[in-house]
Every structure is written in C-alpha cells, then in structure tokens.
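Participant: Sharing a structure with you now.
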Amino acid sequence: MNGARVEFRGLRRRFGSTVALDGLDLTVEPGELLALLGPSGCGKTTALRCLAGFEQPDEGEILVDGADITRVPANRRDAGMVFQSYSLFPNLNARDNVGFGLRVRKVPAAKRHARAQELLELVGLPSVGDRYPHQLSGGQQQRVALARALALEPRVLLLDEPLSALDAKVRVTLREEIRRLQLSLGITTIFVTHDQEEALSMADRVAVLRAGRLEQVADPATLYDRPATPFVAEFVGAMNHLPGVLSGDRVTVLGQTLPVEGQPPASAEADVLVRPEAVLVTPDAEGGGIVMVSSFRGSTTRLRIRLGDGTEVLADVPGHDSARFAPGTAVRVGLVERPVLVSARTETGATPAVPEPDVV
Amino acid sequence: MPLLAFVVIVFGVPMLVLLGGTFTKEGTFSTANLTESLQGAYLTALIGSVKISALVAVLGGVLGTILAQAVVTSRFRALREAVLTASGVLANFGGVPLAFAWIATLGNSGVVTTTLGLGEHGWSLYNFWGLTLVYLYFSIPLQVLTVVPALDGLRPQWREAAQNNGASTWQFWRYVGVPVLTPALLGGVVLLFGGAFAAYATAQAMVGSTVPLVTLKIADALSGNVLIGHENVALALSLDMIVIAGLVMAVYLPLQRRSARWLR
C-alpha cells in the first residue's frame, strides 16, 4: 500500500441554518497521519464524511492525488473507513466482515478467507475469525473494523473517533497499534478526534478546526508550544489566563516582563496565556500565594493557587513534590522566561482556562 | 403460578377436550374423525385456507415491508405518525364490519363497483381473490407495525460501512439488511399467516361457502346446518389447524433464534 495526497479546497457544507464547514482548505501529504481536532460541531466529522462520500459539500472540491472525487459515489472511492462504534455487520463473523469488500468484488471464497485471515493477524486477532461481533469486546470489534477498512488496500484510511467508545487502557493500546500499522503500511490517514491527547500522541500533524474553519495545522510540538491563536492555545492543553499589561512587544505579568509571541492586541491591558508547566512554584511563607487544591496525577501534580489579588493560577509540579504543596501551603509563583501568547482581555481573564474539578 | 393456572385453564382444558373429541367416535377410541377431516371437501377447505393464508402472508409481508421502509426513510415526521396510527387502527379492523365495509364499496352493488361499472367487466368481490384483497386490508398494516421497529434498528453505520466497502444498495440489502431483518420479517409473515388462517367472520359474511375455508367448515360441522353428528370432525379439523400452525412455527423459530443472536 502507499498513501495518496488528499486536498480539501474551499469546502462548504451547511445543515439548515448550521454551517458545518465554512471554506475548509487543507492538504494531507502522502503517507501522513493527520488528526482533525476540535470541539463538537466544529466540522471535523463532516469533513471526513465528505471525503468518504457520505456527505456532499455545497461548495468546494476534494482531490485525491489531483483527481477530483467530489461527486464520485461513496462505494467507488478508494478510502477505507473505521466508524465510531457498532459498525460491524452483526450477521457476519469476523472473517466475513473483513472479507466483505472482497465478496462484493466477487473474489473467490478461498482467496477472500485467506486475505481476511492475514488482516486479522495484522491487527493482532488471529483466532477470532469465526466469532460474531456480539462475541467480541469493544476493542476487538474496532480491530476487526480496522482490518475490514484495510482489506481493499485503500490509499486513504479514515478514522472517525474509533477509540471514543473504548475504555482508557484499551484506547491507549489500540492507538499505538493503529500508529504502528499506519507507519508500516504508509497509508495516508485522517483521524477525527476531540481528544487532544490522542491527537498529539498519534499524529504527524494536527489540524485544529473551529466553526468549520481551519484554525491551525502543525506538528504536535509546534501546536502545543506555539499555538497560532488563543483558541488553539486554550483548546490544546490546559492554559492560564493571567492579567498583564502590554508595553510594545513585551508584557508585564505577575511582576515579570516577558517577550510577546506573535501579534499583540491593540489595548494595553491583556490576558497572558501561560501553560501550567511554565509556572514556577516554590514554598515561601511570604510568597503571596496559597495552594487551594492539589491534584496528584502520577508523574505530575496540578496545583490551583490563589494569589493575593484573587487571581487563580494552575501550575504543574513533579509528582514527588505533591507533599510539599499540600492545600494551604504558602507559595511564591513565577513564570518561565520565554515568549508568551497574549490575547485581548476577557471578563473572566483572571481565572484559569481549564477548570479543575478534581480535588485531593 | 397464576400464569401457569391461566394457561392450564385457557389452553390445557380446551386442548384435552379437543383431543378427546377428535379421537372418539360413537363412544370408542377411533381415528375416523381425523381421517374424515383429511378427505374430500374438508381437505379441499384445509388446502384452501393454507393457500389463501400463505398468499396473504407473502403479499402482505412484502407490501407491508415496502410501505414500512418508505415510512422509515421519509423525511416527513407527520407522514410517519399518520401511517403508523392508521396501521394501528386498520390492523384491528376485522370481522363482519370489515366485510360490510368492502361489500358497500366493492360488492356487487357497491359504490365503487356501480360508479365505475366494474360489474360489466366481470368484477366480483365474492371469490378467492376478493377475499385475499380484504384480508390484505388488515394484514399490510399489521406487517407495517411489526417491521417498523426492526427497520428503525438498522444502524446507518452498517449501510455506510457497506458502501465504504464498495457495496451497492442492492448488495447491502442482500448481504446485510435482509439477513438482519429476517426475524422481524419472518415474525410478521407468521403473524399474517395466523391471522388469515384463523379468520372466520369476514369470510362468513362475504363469501359464505363459495370459497372453501376450514374455519367455515368447522362452523358448519358444529352448527349442524348440513349434517348432524359431525361435531367431533370439527374438533379434528381444529387439530389439523393446530398441526399446520405448529409446522409454520417449527420453520420460523430456529431461523428466528439464529438471527436474534446477531442483534444482542
């Protein structure tokens, strides 16, 4: 198998008064795994379904290796798809599910079964061929669905939140396997998810969508460290909104002056966006901050700290330091010296972007 | 326990009476009633009943399923509600009132018959096909009610997954849709067969003895209109009906059990 180049050009799709896609322009390189990430209703699934042929865009084109496939029927597209869940045919066993596409193409039974068995082995399920979907676990069902999607050797693989219905442990295992398979087959893969951790850990590049438009497309590290917009900054990872005062290309925040990343807003007063891991915390009786909540997460502990002026800050410290930062501990808060993203001041600017309901 | 008592009283006791009467002739054990019930006019009536019931079951099953699919895929919610409500009413419309509704409409002096002059073209409601038409009138809505929930249960992902694997609409129905729907379709067909097989009042009011049906023969034998002393033959005919219904269920149940597993 080898991957195809996929291009979305000015794609628009409207459902009644709701605009699902609002001029989406995006190119997926051959052999790349691209994650479409965004909140519910941002258009990521609609884009995938347009590519699969289950939705017709109102405007725009979809090109695969330069060929316009926008009006090609779904059953004649060279794309395999794995759905969210429950997509295996309940009346066929795993082997026949995998071999379904070959059966439709009138491939002889012996050849079909051999190919299905090969694919079941590829997804790590060599001995479930005779089982029906209701006899398989959720993770096994999605592996079989993956094998079925690969059976016709498509040049594009579409994954529509295939892990969302699985429990956490299976989800992690399966996403690693999908990535391994994708790399070994070199198949262009588009992966829709609303789970940022999934997107960042699996994809070569992540495209963040908002209200049917592309907000940013970049490799995971760039997306996390250099978010192009405040929306991306807030959506990917946890983010503090701290009140700051702009002065040219620098901003003063929590008593420190830091360089501004990108274009600063016009007003002098602004929100400074800072990741919890970029917040430095040291125990200090005179520091002016109090740990309100300490949430142990294994390798790290997330602290919610209230400063003297009422501002709340999220900070990540090493997990083994959790005892030093028990709720009620007085602390001093500083920021790592590096450029920060700044956005126009919001009314709720003094509170963290991501609420932390879990309490130790 | 109360259920068991109910079943014993309502089904067990009549069954014992039926069996006792069937195998009794002039006070002694005999299979003569059963033999008689499978000969001559009785056999013709039995075959007639099976024929009309099978025809109504198959035609009603197919037409009802097509109508149900049209309703399920319709974008108009009101149409769906209207059809389902009408089906609920019409599926329970039977007996003498149904017969008279049809006689008044398409009987020899019916409104439609006289208006369109159908009589001059050889039209008659009082034959096998006329009775089939009237039975379909309540059988199609019954099939709609049986199949709509199953059609609603067909997941859109199955159709899309089939398309994604290169299947046409026909191939989806052949390999996935119809096999998955088999329990509901068969259940509906069995129900339709049973409804037509056991129908009596509509046929009695419409065709009398023009169309030979086993239910009409049982009534004749019991009421002694033609012959007296044939009450036990009526019981034997009832036993024949039970055996036929049992045979239909014997085909249906294993198929249903196999298909039901898929949807767990």
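To be explicit about the labels: the chains of the structure tokens are called A, B, and onward in the order shown, and within each one the residues are counted from 1, while ligands get numbers from 1 in the order they are shown.
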Output the contact residues of chain B with respect to chain A at a cut-off of 6 Å, based on only C-alpha atoms, as number ranges by chain.

Facilitator: B: 157-158, 163-167, 262

Participant: Would you kindly return, as a list of chain:residue names, each protein, DNA or RNA residue with an atom no farther than 12 Å from any atom of segment 105-117 of chain B, considering only C-alpha atoms and excluding same-chain residues fewer than 6 positions away?

Facilitator: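 Skipping anything fewer than 6 positions along the chain leaves B:Leu98, B:Ala99, B:Trp123, B:Ser124, B:Leu125, B:Tyr126, B:Asn127, B:Gly130, B:Leu131, B:Leu133, B:Val134, B:Ala205, B:Met206, B:Val207.
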
Participant: Find the spatial neighbours of segment 149-155 of chain B, counting only C-alpha atoms, within a cut-off of 7 Å - ignore same-chain residues fewer than 6 positions away - and output them as a CSV table (one decimal) with N, CA, C and O atoms, in the first residue's frame.

Facilitator:
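Just written: around-v7.csv:
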```
chain,number,residue,atom,x,y,z
B,69,GLN,N,-40.7,0.6,5.0
B,69,GLN,CA,-39.4,1.2,4.6
B,69,GLN,C,-39.6,2.6,4.1
B,69,GLN,O,-38.8,3.5,4.5
B,72,VAL,N,-40.2,4.7,7.2
B,72,VAL,CA,-38.9,4.9,8.0
B,72,VAL,C,-38.0,5.9,7.3
B,72,VAL,O,-37.3,6.7,8.0
B,181,LEU,N,-32.8,-8.3,9.2
B,181,LEU,CA,-34.2,-8.1,9.4
B,181,LEU,C,-35.0,-9.4,9.4
B,181,LEU,O,-36.2,-9.4,9.7
B,184,ALA,N,-37.7,-10.2,12.2
B,184,ALA,CA,-38.9,-9.4,12.2
B,184,ALA,C,-39.7,-9.7,11.0
B,184,ALA,O,-41.0,-9.8,11.1
```

Participant: Name the residues of segment 46-241 of chain B that come out as helix (DSSP H, G or I) in a backbone DSSP run; write them as a PyMOL selection string.

Facilitator: chain B and resi 46-73+77-90+95-106+111-116+118-121+128-152+156-164+169-198+201-206+214-223+231-241

Participant: Contacts of Ile290 of chain A at 10 Å or less, counting only C-alpha atoms, minus same-chain residues fewer than 5 places along, as a list in words?

Facilitator: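 The residues that qualify are Pro283, Asp284, Ala285, Leu303, Arg304, Ile305, Arg306, Leu307, Gly308, Glu312, Phe325, Ala326, Pro327, Gly328, Thr329, Ala330, Val331, Arg332 and Val333 of chain A.
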
Participant: Write the selection just made, keeping N, CA, C and O atoms, as a PDB file, in the first residue's frame?

Facilitator:
```
ATOM      1  N   PRO A 283       7.853  26.862  47.748  1.00  0.00           N
ATOM      2  CA  PRO A 283       7.245  27.140  49.047  1.00  0.00           C
ATOM      3  C   PRO A 283       7.862  28.409  49.626  1.00  0.00           C
ATOM      4  O   PRO A 283       9.087  28.557  49.617  1.00  0.00           O
ATOM      5  N   ASP A 284       7.047  29.345  50.056  1.00  0.00           N
ATOM      6  CA  ASP A 284       7.538  30.612  50.589  1.00  0.00           C
ATOM      7  C   ASP A 284       6.431  31.249  51.424  1.00  0.00           C
ATOM      8  O   ASP A 284       5.376  31.617  50.878  1.00  0.00           O
ATOM      9  N   ALA A 285       6.684  31.373  52.734  1.00  0.00           N
ATOM     10  CA  ALA A 285       5.655  31.906  53.636  1.00  0.00           C
ATOM     11  C   ALA A 285       5.274  33.330  53.258  1.00  0.00           C
ATOM     12  O   ALA A 285       4.147  33.767  53.499  1.00  0.00           O
ATOM     13  N   LEU A 303      -1.539  22.003  40.682  1.00  0.00           N
ATOM     14  CA  LEU A 303      -1.923  22.854  41.812  1.00  0.00           C
ATOM     15  C   LEU A 303      -2.839  23.970  41.321  1.00  0.00           C
ATOM     16  O   LEU A 303      -2.638  24.495  40.219  1.00  0.00           O
ATOM     17  N   ARG A 304      -3.818  24.296  42.146  1.00  0.00           N
ATOM     18  CA  ARG A 304      -4.600  25.515  41.894  1.00  0.00           C
ATOM     19  C   ARG A 304      -4.214  26.489  43.005  1.00  0.00           C
ATOM     20  O   ARG A 304      -4.436  26.196  44.190  1.00  0.00           O
ATOM     21  N   ILE A 305      -3.619  27.596  42.599  1.00  0.00           N
ATOM     22  CA  ILE A 305      -3.051  28.544  43.567  1.00  0.00           C
ATOM     23  C   ILE A 305      -3.825  29.857  43.489  1.00  0.00           C
ATOM     24  O   ILE A 305      -4.095  30.359  42.386  1.00  0.00           O
ATOM     25  N   ARG A 306      -4.173  30.391  44.677  1.00  0.00           N
ATOM     26  CA  ARG A 306      -4.819  31.702  44.690  1.00  0.00           C
ATOM     27  C   ARG A 306      -3.790  32.742  45.113  1.00  0.00           C
ATOM     28  O   ARG A 306      -3.146  32.589  46.151  1.00  0.00           O
ATOM     29  N   LEU A 307      -3.675  33.787  44.286  1.00  0.00           N
ATOM     30  CA  LEU A 307      -2.720  34.853  44.602  1.00  0.00           C
ATOM     31  C   LEU A 307      -3.399  35.921  45.464  1.00  0.00           C
ATOM     32  O   LEU A 307      -4.640  35.912  45.615  1.00  0.00           O
ATOM     33  N   GLY A 308      -2.618  36.842  45.962  1.00  0.00           N
ATOM     34  CA  GLY A 308      -3.118  37.872  46.878  1.00  0.00           C
ATOM     35  C   GLY A 308      -4.238  38.708  46.273  1.00  0.00           C
ATOM     36  O   GLY A 308      -5.176  39.102  46.977  1.00  0.00           O
ATOM     37  N   GLU A 312      -6.372  33.285  40.157  1.00  0.00           N
ATOM     38  CA  GLU A 312      -6.078  31.861  40.346  1.00  0.00           C
ATOM     39  C   GLU A 312      -5.158  31.378  39.228  1.00  0.00           C
ATOM     40  O   GLU A 312      -5.342  31.737  38.065  1.00  0.00           O
ATOM     41  N   PHE A 325       3.442  20.556  48.530  1.00  0.00           N
ATOM     42  CA  PHE A 325       2.457  21.556  48.113  1.00  0.00           C
ATOM     43  C   PHE A 325       1.039  21.127  48.486  1.00  0.00           C
ATOM     44  O   PHE A 325       0.125  21.160  47.674  1.00  0.00           O
ATOM     45  N   ALA A 326       0.890  20.718  49.726  1.00  0.00           N
ATOM     46  CA  ALA A 326      -0.443  20.333  50.195  1.00  0.00           C
ATOM     47  C   ALA A 326      -1.339  21.575  50.242  1.00  0.00           C
ATOM     48  O   ALA A 326      -0.831  22.700  50.344  1.00  0.00           O
ATOM     49  N   PRO A 327      -2.647  21.391  50.120  1.00  0.00           N
ATOM     50  CA  PRO A 327      -3.552  22.553  50.202  1.00  0.00           C
ATOM     51  C   PRO A 327      -3.282  23.354  51.482  1.00  0.00           C
ATOM     52  O   PRO A 327      -3.087  22.783  52.546  1.00  0.00           O
ATOM     53  N   GLY A 328      -3.227  24.685  51.348  1.00  0.00           N
ATOM     54  CA  GLY A 328      -2.967  25.547  52.491  1.00  0.00           C
ATOM     55  C   GLY A 328      -1.522  26.024  52.546  1.00  0.00           C
ATOM     56  O   GLY A 328      -1.189  26.963  53.282  1.00  0.00           O
ATOM     57  N   THR A 329      -0.622  25.412  51.753  1.00  0.00           N
ATOM     58  CA  THR A 329       0.788  25.803  51.756  1.00  0.00           C
ATOM     59  C   THR A 329       0.941  27.191  51.118  1.00  0.00           C
ATOM     60  O   THR A 329       0.354  27.463  50.068  1.00  0.00           O
ATOM     61  N   ALA A 330       1.750  28.025  51.758  1.00  0.00           N
ATOM     62  CA  ALA A 330       2.032  29.346  51.186  1.00  0.00           C
ATOM     63  C   ALA A 330       3.145  29.190  50.150  1.00  0.00           C
ATOM     64  O   ALA A 330       4.149  28.510  50.415  1.00  0.00           O
ATOM     65  N   VAL A 331       2.973  29.802  48.991  1.00  0.00           N
ATOM     66  CA  VAL A 331       3.945  29.628  47.900  1.00  0.00           C
ATOM     67  C   VAL A 331       4.217  30.945  47.190  1.00  0.00           C
ATOM     68  O   VAL A 331       3.429  31.898  47.270  1.00  0.00           O
ATOM     69  N   ARG A 332       5.355  30.945  46.482  1.00  0.00           N
ATOM     70  CA  ARG A 332       5.669  32.055  45.571  1.00  0.00           C
ATOM     71  C   ARG A 332       5.508  31.537  44.142  1.00  0.00           C
ATOM     72  O   ARG A 332       5.904  30.412  43.848  1.00  0.00           O
ATOM     73  N   VAL A 333       4.930  32.368  43.288  1.00  0.00           N
ATOM     74  CA  VAL A 333       4.665  31.947  41.905  1.00  0.00           C
ATOM     75  C   VAL A 333       5.460  32.820  40.934  1.00  0.00           C
ATOM     76  O   VAL A 333       5.465  34.047  41.073  1.00  0.00           O
TER      77      VAL A 333
END
```

Participant: Based on DSSP run over this structure's backbone, return all residues of segment 18-47 of chain A in strand (DSSP E or B), as a list of chain:residue names.

Facilitator: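 Written out, the strand (DSSP E or B) residues of segment 18-47 of chain A are A:Thr18, A:Val19, A:Ala20, A:Leu21, A:Asp22, A:Gly23, A:Leu24, A:Asp25, A:Leu26, A:Thr27, A:Val28, A:Leu33, A:Leu34, A:Ala35, A:Leu36, A:Leu37.
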
Participant: With distances taken over only C-alpha atoms, which residue among A:Ser164, A:Leu280, A:Val342, A:Leu174 lies nearest Phe231 of chain A?

Facilitator: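 Looking at the shortest contact to Phe231 of chain A, the residue is A:Val342.
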
Participant: If we count only C-alpha atoms and set the cut-off at 9 Å, which residues sit around Glu277 of chain A, ignoring sequence neighbours fewer than 3 positions away in its own chain? Please answer as a short mmCIF file (atom, residue, chain, number, x, y, z; two decimals) with N, CA, C and O atoms, in the first residue's frame.

Facilitator:
```cif
data_model
loop_
_atom_site.label_atom_id
_atom_site.label_comp_id
_atom_site.auth_asym_id
_atom_site.auth_seq_id
_atom_site.Cartn_x
_atom_site.Cartn_y
_atom_site.Cartn_z
N VAL A 274 -0.55 31.26 29.65
CA VAL A 274 0.62 30.55 30.17
C VAL A 274 0.23 29.11 30.52
O VAL A 274 -0.78 28.87 31.19
N LEU A 280 6.31 28.52 37.72
CA LEU A 280 7.28 28.02 38.70
C LEU A 280 6.73 28.27 40.11
O LEU A 280 6.27 29.38 40.41
N LEU A 314 -3.07 27.89 37.59
CA LEU A 314 -2.81 26.45 37.59
C LEU A 314 -1.32 26.23 37.39
O LEU A 314 -0.70 26.91 36.56
N ALA A 315 -0.75 25.31 38.14
CA ALA A 315 0.69 25.04 38.00
C ALA A 315 0.93 23.54 38.10
O ALA A 315 0.28 22.86 38.90
N ASP A 316 1.85 23.03 37.25
CA ASP A 316 2.22 21.62 37.33
C ASP A 316 3.58 21.50 38.01
O ASP A 316 4.54 22.19 37.59
N VAL A 317 3.67 20.66 39.02
CA VAL A 317 4.95 20.40 39.68
C VAL A 317 5.20 18.90 39.61
O VAL A 317 4.26 18.12 39.39
N VAL A 336 8.27 30.89 33.71
CA VAL A 336 9.47 30.56 32.95
C VAL A 336 9.74 31.70 31.98
O VAL A 336 8.82 32.24 31.36
#
```

Participant: Would you mind listing what lies within 7 Å of Leu213 of chain B as a compact mmCIF listing (two decimals) with C-alpha atoms, in the first residue's frame, with only C-alpha atoms counted and same-chain residues fewer than 4 positions away left out?

Facilitator:
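Once everything was written out, this is selection.txt:
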```txt
# COMPACT_ATOMS: atom_id res chain seq x y z
CA ALA B 45 -61.17 -26.45 2.64
CA LEU B 46 -57.95 -27.08 4.54
CA GLY B 48 -57.96 -23.51 0.51
CA SER B 49 -57.21 -22.00 3.91
CA LYS B 217 -66.27 -25.97 7.56
```

Participant: Here is a test: counting only C-alpha atoms, which residue of B:Val10, B:Val176, B:Leu145, B:Val62 is nearest to Arg80 of chain B?

Facilitator: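 Using only C-alpha atoms, the shortest distance to Arg80 of chain B belongs to B:Leu145.
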
Participant: Find the residues near Ile66 of chain B: any atom within 12 Å, counting only C-alpha atoms, skip ones fewer than 2 places away on the same chain, and give them as a ChimeraX atom specification.

Facilitator: /B:59-64,68-73,140-141,143-144,147-148,151,185

Participant: I'd like the interatomic distance between atom CA of Pro126 of chain A and atom CA of Gly186 of chain A, to a tenth of an Å.

Facilitator: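 Atom-to-atom, atom CA of Pro126 of chain A to atom CA of Gly186 of chain A, that is 22.4 Å.
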
Participant: Please measure the separation of atom CA of Ser267 of chain A and atom CA of Arg345 of chain A, giving the value in Å to one decimal.

Facilitator: 8.4 Å

Participant: Let me make sure I understand: among B:Ala5, B:Ala104, B:Leu142, B:Leu67, which one has the smallest atom-to-atom distance to Ser87 of chain B if we use only C-alpha atoms?

Facilitator: B:Leu142
